[in-house]
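What follows is the content of run-v8.cif (mmCIF, C-alpha atoms and all ligand atoms).
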```
data_query
loop_
_atom_site.label_atom_id
_atom_site.label_comp_id
_atom_site.auth_asym_id
_atom_site.auth_seq_id
_atom_site.Cartn_x
_atom_site.Cartn_y
_atom_site.Cartn_z
CA MET A 62 95.81 185.19 266.54
CA THR A 63 95.61 181.49 267.08
CA ARG A 64 96.69 179.06 264.44
CA SER A 65 93.19 177.67 263.93
CA PHE A 66 91.72 181.15 263.59
CA ARG A 67 94.29 182.02 260.94
CA PHE A 68 93.39 178.87 259.08
CA PHE A 69 89.69 179.72 259.36
CA ALA A 70 90.31 183.25 258.02
CA LEU A 71 92.26 181.86 255.11
CA ALA A 72 89.52 179.35 254.30
CA LEU A 73 86.96 182.16 254.40
CA TYR A 74 89.09 184.25 252.08
CA VAL A 75 89.45 181.40 249.59
CA ALA A 76 85.70 180.74 249.71
CA ALA A 77 84.92 184.41 249.11
CA LEU A 78 87.36 184.49 246.22
CA SER A 79 85.71 181.50 244.53
CA ILE A 80 82.27 183.08 244.87
CA VAL A 81 83.53 186.23 243.17
CA THR A 82 85.05 184.15 240.38
CA ALA A 83 81.85 182.17 239.87
CA ALA A 84 79.75 185.32 239.79
CA ALA A 85 81.81 186.94 237.04
CA PRO A 86 79.81 186.16 233.90
CA THR A 87 81.37 185.39 230.58
CA VAL A 88 79.35 187.72 228.35
CA THR A 89 80.34 186.40 224.94
CA PRO A 90 77.10 185.26 223.27
CA PRO A 91 77.37 182.20 221.05
CA ALA A 92 77.98 183.16 217.43
CA LYS A 93 74.95 182.79 215.18
CA PRO A 94 75.31 180.36 212.30
CA ILE A 95 76.04 181.30 208.72
CA ILE A 96 72.98 181.74 206.50
CA THR A 97 73.46 180.95 202.84
CA VAL A 98 71.24 183.28 200.79
CA TYR A 99 70.47 182.54 197.13
CA LYS A 100 69.27 185.60 195.24
CA ASP A 101 69.06 187.20 191.86
CA PRO A 102 72.00 189.61 191.39
CA ASN A 103 69.55 192.45 190.63
CA CYS A 104 67.32 191.94 193.67
CA GLY A 105 67.46 195.04 195.87
CA CYS A 106 65.05 193.90 198.59
CA CYS A 107 67.12 190.71 198.93
CA ARG A 108 70.16 192.87 199.74
CA ASN A 109 68.07 194.80 202.28
CA TRP A 110 67.01 191.55 203.95
CA ILE A 111 70.65 190.43 204.12
CA ALA A 112 71.49 193.75 205.83
CA HIS A 113 68.69 193.02 208.36
CA LEU A 114 70.22 189.59 209.09
CA ILE A 115 73.71 191.01 209.57
CA LYS A 116 72.33 193.72 211.87
CA ASN A 117 70.85 190.90 213.95
CA GLY A 118 74.12 189.03 214.32
CA TYR A 119 73.99 186.53 211.46
CA ARG A 120 76.85 185.88 209.14
CA VAL A 121 75.67 185.70 205.53
CA ASP A 122 77.05 183.83 202.58
CA ALA A 123 75.24 185.44 199.62
CA LYS A 124 75.11 183.52 196.37
CA ASP A 125 73.95 185.26 193.20
CA THR A 126 72.13 183.18 190.65
CA PRO A 127 70.05 184.17 187.64
CA ASP A 128 67.82 181.10 188.00
CA MET A 129 65.99 181.34 191.32
CA ASP A 130 63.18 179.09 190.08
CA GLN A 131 65.64 176.24 189.73
CA ILE A 132 67.04 176.86 193.23
CA LYS A 133 63.54 176.84 194.75
CA LYS A 134 62.67 173.66 192.90
CA THR A 135 65.89 171.94 193.95
CA LEU A 136 65.61 172.97 197.60
CA GLY A 137 61.88 172.22 197.77
CA VAL A 138 60.18 175.55 198.43
CA PRO A 139 56.38 175.00 198.33
CA THR A 140 54.94 176.72 195.24
CA ASP A 141 52.37 178.77 197.15
CA LEU A 142 55.00 180.11 199.59
CA LYS A 143 57.46 181.46 197.02
CA SER A 144 59.12 184.83 197.42
CA CYS A 145 62.31 186.44 196.06
CA HIS A 146 65.36 185.02 197.89
CA THR A 147 65.77 181.53 199.34
CA ALA A 148 68.10 180.86 202.25
CA VAL A 149 69.47 177.87 204.12
CA VAL A 150 70.51 177.90 207.79
CA ALA A 151 71.31 174.90 209.99
CA GLY A 152 69.43 172.60 207.62
CA TYR A 153 66.30 174.78 207.50
CA LEU A 154 64.94 176.63 204.47
CA ILE A 155 64.11 180.31 204.89
CA GLU A 156 62.00 181.65 202.03
CA GLY A 157 61.46 185.37 201.58
CA HIS A 158 61.44 188.25 204.06
CA VAL A 159 61.35 186.27 207.32
CA PRO A 160 62.27 188.43 210.36
CA ALA A 161 65.54 187.51 212.12
CA ALA A 162 63.62 187.10 215.40
CA ASP A 163 61.69 184.19 213.89
CA ILE A 164 64.88 182.57 212.64
CA ASP A 165 66.28 183.00 216.19
CA ARG A 166 63.20 181.21 217.58
CA LEU A 167 63.46 178.47 214.96
CA LEU A 168 67.11 177.81 215.81
CA ALA A 169 66.48 177.96 219.56
CA THR A 170 63.60 175.48 219.50
CA LYS A 171 64.69 173.32 216.54
CA PRO A 172 61.19 172.06 215.63
CA LYS A 173 60.69 169.24 213.14
CA LEU A 174 60.09 171.50 210.14
CA LYS A 175 61.49 171.99 206.69
CA GLY A 176 61.52 175.75 207.07
CA LEU A 177 59.88 179.16 207.37
CA ALA A 178 58.44 181.36 204.64
CA VAL A 179 56.92 184.76 204.09
CA ALA A 180 55.14 184.37 200.76
CA GLY A 181 55.30 187.16 198.23
CA MET A 182 56.94 190.39 199.32
CA PRO A 183 54.73 192.13 201.87
CA MET A 184 55.44 195.80 202.52
CA GLY A 185 56.75 196.38 206.04
CA SER A 186 58.58 193.06 206.34
CA PRO A 187 62.36 193.20 206.94
CA GLY A 188 63.98 194.39 203.71
CA MET A 189 60.64 195.73 202.42
CA GLU A 190 60.46 198.82 204.60
CA GLY A 191 58.57 201.79 203.23
CA ALA A 192 55.64 204.08 203.83
CA ALA A 193 53.08 201.29 203.39
CA LYS A 194 52.73 198.47 205.92
CA GLN A 195 50.89 195.22 205.27
CA HIS A 196 49.93 192.51 207.70
CA TYR A 197 51.77 189.32 206.91
CA LYS A 198 52.33 185.85 208.26
CA VAL A 199 55.45 183.77 208.72
CA MET A 200 54.48 180.24 207.76
CA ALA A 201 56.21 177.09 209.00
CA PHE A 202 56.16 174.29 206.44
CA ASN A 203 57.12 170.63 206.55
CA ARG A 204 58.55 168.23 204.00
CA THR A 205 55.20 167.60 202.33
CA GLY A 206 54.52 171.33 201.97
CA GLU A 207 51.90 171.49 204.74
CA ALA A 208 52.03 174.88 206.41
CA ARG A 209 50.88 176.49 209.63
CA VAL A 210 51.24 180.01 211.03
CA PHE A 211 54.52 180.51 212.90
CA ALA A 212 54.14 184.26 213.52
CA SER A 213 51.83 187.12 212.47
CA TYR A 214 52.77 190.76 211.95
CU CU A 301 62.06 190.63 198.23
#
```
Could you express the structure from this file as structure tokens?
Amino acid sequence: MTRSFRFFALALYVAALSIVTAAAPTVTPPAKPIITVYKDPNCGCCRNWIAHLIKNGYRVDAKDTPDMDQIKKTLGVPTDLKSCHTAVVAGYLIEGHVPAADIDRLLATKPKLKGLAVAGMPMGSPGMEGAAKQHYKVMAFNRTGEARVFASY
């Protein structure tokens, strides 16, 4: 084996090794942010929605309060989009039974919005599972309360 061939073989080996290293993926997904959820202590569907969030990788800071109307007023939930719980994540408001997938999309695209809402408590939305299923819309609203459809189910 000539000296230059040995050097060439070594260089090849090093190159192959670095390709293998680069190809090995780091599979740790980025942690999802904490969602603060304000809810009435007696609200069962609120607890079910929290379970849905946790199942989808969110960390939840649940805050019980007997005066949800005051919370909604303070945070600025549009009157016609009110539901049971009100949540805050990464500066966005999440009102009602919004699916985790829509929160994922909101946080991935970071649109100029105040938040998302599912008005009322439609059957079949996350946390409102049961025999009956209603069609419902996830609305995106801005600071002035203007809303448009973000997703339909
Ligand atoms: Cu509810």
Listed atoms of range 162-180 of chain A, axis-aligned box, 6 Å per side: centre and edge lengths to one decimal in Å, as JSON?
```
{"center_x": 61.1, "center_y": 178.2, "center_z": 210.2, "size_x": 24.0, "size_y": 29.9, "size_z": 30.8}
```
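Nearest residue to Ile164 in chain A, choosing from A:Ile132, A:Cys104, A:Cys145, A:Ile96 and counting all atoms listed in the file: A:Ile96.
Considering only C-alpha atoms and all ligand atoms, the residues that reside within 10 Å of ligand CU 301 (chain A) can be listed as Lys100, Cys104, Gly105, Cys106, Cys107, Arg108, Asn109, Trp110, Ser144, Cys145, His146, Thr147, Glu156, Gly157, His158, Val179, Ala180, Gly181, Met182, Pro183, Met184, Ser186, Pro187, Gly188 and Met189 of chain A.
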Quick one: residues within 7 Å of Lys198 in chain A, only C-alpha atoms, excluding same-chain residues fewer than 6 positions away - as number ranges by chain? A: 179, 210, 212-214
I need every residue sitting at most 12 Å from the point (59.0, 172.9, 195.4) (coordinates as in the file, all atoms listed in the file considered), written as a VMD selection string. chain A and resid 129 to 143 147 154 156 175 202 to 207
Go ahead and write the selection's residues with C-alpha atoms as a PDB file, in the coordinates of the input.
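The result, written out as again_37.pdb:
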```
ATOM      1  CA  MET A 129      65.990 181.340 191.320  1.00  0.00           C
ATOM      2  CA  ASP A 130      63.180 179.090 190.080  1.00  0.00           C
ATOM      3  CA  GLN A 131      65.640 176.240 189.730  1.00  0.00           C
ATOM      4  CA  ILE A 132      67.040 176.860 193.230  1.00  0.00           C
ATOM      5  CA  LYS A 133      63.540 176.840 194.750  1.00  0.00           C
ATOM      6  CA  LYS A 134      62.670 173.660 192.900  1.00  0.00           C
ATOM      7  CA  THR A 135      65.890 171.940 193.950  1.00  0.00           C
ATOM      8  CA  LEU A 136      65.610 172.970 197.600  1.00  0.00           C
ATOM      9  CA  GLY A 137      61.880 172.220 197.770  1.00  0.00           C
ATOM     10  CA  VAL A 138      60.180 175.550 198.430  1.00  0.00           C
ATOM     11  CA  PRO A 139      56.380 175.000 198.330  1.00  0.00           C
ATOM     12  CA  THR A 140      54.940 176.720 195.240  1.00  0.00           C
ATOM     13  CA  ASP A 141      52.370 178.770 197.150  1.00  0.00           C
ATOM     14  CA  LEU A 142      55.000 180.110 199.590  1.00  0.00           C
ATOM     15  CA  LYS A 143      57.460 181.460 197.020  1.00  0.00           C
ATOM     16  CA  THR A 147      65.770 181.530 199.340  1.00  0.00           C
ATOM     17  CA  LEU A 154      64.940 176.630 204.470  1.00  0.00           C
ATOM     18  CA  GLU A 156      62.000 181.650 202.030  1.00  0.00           C
ATOM     19  CA  LYS A 175      61.490 171.990 206.690  1.00  0.00           C
ATOM     20  CA  PHE A 202      56.160 174.290 206.440  1.00  0.00           C
ATOM     21  CA  ASN A 203      57.120 170.630 206.550  1.00  0.00           C
ATOM     22  CA  ARG A 204      58.550 168.230 204.000  1.00  0.00           C
ATOM     23  CA  THR A 205      55.200 167.600 202.330  1.00  0.00           C
ATOM     24  CA  GLY A 206      54.520 171.330 201.970  1.00  0.00           C
ATOM     25  CA  GLU A 207      51.900 171.490 204.740  1.00  0.00           C
TER      26      GLU A 207
END
```
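Take CA of Ala112 in chain A and CA of Thr170 in chain A: the distance between them is 24.1 Å.
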Please check which residues have atoms at most 7 Å from (68.3, 186.9, 190.5) in the file's coordinates, counting only C-alpha atoms, and write them as a PyMOL selection string. chain A and resi 100-104+125-129
Produce a file of the selected residues containing C-alpha atoms, as a tab-separated table (two decimals), in the frame of the given file.
```tsv
chain	number	residue	atom	x	y	z
A	100	LYS	CA	69.27	185.60	195.24
A	101	ASP	CA	69.06	187.20	191.86
A	102	PRO	CA	72.00	189.61	191.39
A	103	ASN	CA	69.55	192.45	190.63
A	104	CYS	CA	67.32	191.94	193.67
A	125	ASP	CA	73.95	185.26	193.20
A	126	THR	CA	72.13	183.18	190.65
A	127	PRO	CA	70.05	184.17	187.64
A	128	ASP	CA	67.82	181.10	188.00
A	129	MET	CA	65.99	181.34	191.32
```
Would you pick out the contacts of range 114-122 of chain A at 10 Å or less, using only C-alpha atoms, so that residues sharing its chain but fewer than 5 positions from it are not included, and give the list as number ranges by chain? A: 92-99, 108-109, 148-150, 159-162, 164-165, 187-188
Using C-alpha atoms, can you export the residues from the last selection as a PDB file, keeping the file's coordinate frame?
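Output (result.pdb):
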```pdb
ATOM      1  CA  ALA A  92      77.980 183.160 217.430  1.00  0.00           C
ATOM      2  CA  LYS A  93      74.950 182.790 215.180  1.00  0.00           C
ATOM      3  CA  PRO A  94      75.310 180.360 212.300  1.00  0.00           C
ATOM      4  CA  ILE A  95      76.040 181.300 208.720  1.00  0.00           C
ATOM      5  CA  ILE A  96      72.980 181.740 206.500  1.00  0.00           C
ATOM      6  CA  THR A  97      73.460 180.950 202.840  1.00  0.00           C
ATOM      7  CA  VAL A  98      71.240 183.280 200.790  1.00  0.00           C
ATOM      8  CA  TYR A  99      70.470 182.540 197.130  1.00  0.00           C
ATOM      9  CA  ARG A 108      70.160 192.870 199.740  1.00  0.00           C
ATOM     10  CA  ASN A 109      68.070 194.800 202.280  1.00  0.00           C
ATOM     11  CA  ALA A 148      68.100 180.860 202.250  1.00  0.00           C
ATOM     12  CA  VAL A 149      69.470 177.870 204.120  1.00  0.00           C
ATOM     13  CA  VAL A 150      70.510 177.900 207.790  1.00  0.00           C
ATOM     14  CA  VAL A 159      61.350 186.270 207.320  1.00  0.00           C
ATOM     15  CA  PRO A 160      62.270 188.430 210.360  1.00  0.00           C
ATOM     16  CA  ALA A 161      65.540 187.510 212.120  1.00  0.00           C
ATOM     17  CA  ALA A 162      63.620 187.100 215.400  1.00  0.00           C
ATOM     18  CA  ILE A 164      64.880 182.570 212.640  1.00  0.00           C
ATOM     19  CA  ASP A 165      66.280 183.000 216.190  1.00  0.00           C
ATOM     20  CA  PRO A 187      62.360 193.200 206.940  1.00  0.00           C
ATOM     21  CA  GLY A 188      63.980 194.390 203.710  1.00  0.00           C
TER      22      GLY A 188
END
```
So what do you get for CA of Phe211 in chain A versus CA of Gly191 in chain A, distance-wise?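 According to the coordinates, CA of Phe211 in chain A and CA of Gly191 in chain A are separated by 23.7 Å.
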State, in Å with one decimal place, the distance from CA of Gly185 in chain A to CA of Lys173 in chain A.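 Atom-to-atom, CA of Gly185 in chain A to CA of Lys173 in chain A, that is 28.3 Å.
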So which one's closest to Lys171 in chain A, A:Ala201, A:Ala123, A:Ala193, A:Ile111? Using all atoms listed in the file, please. A:Ala201
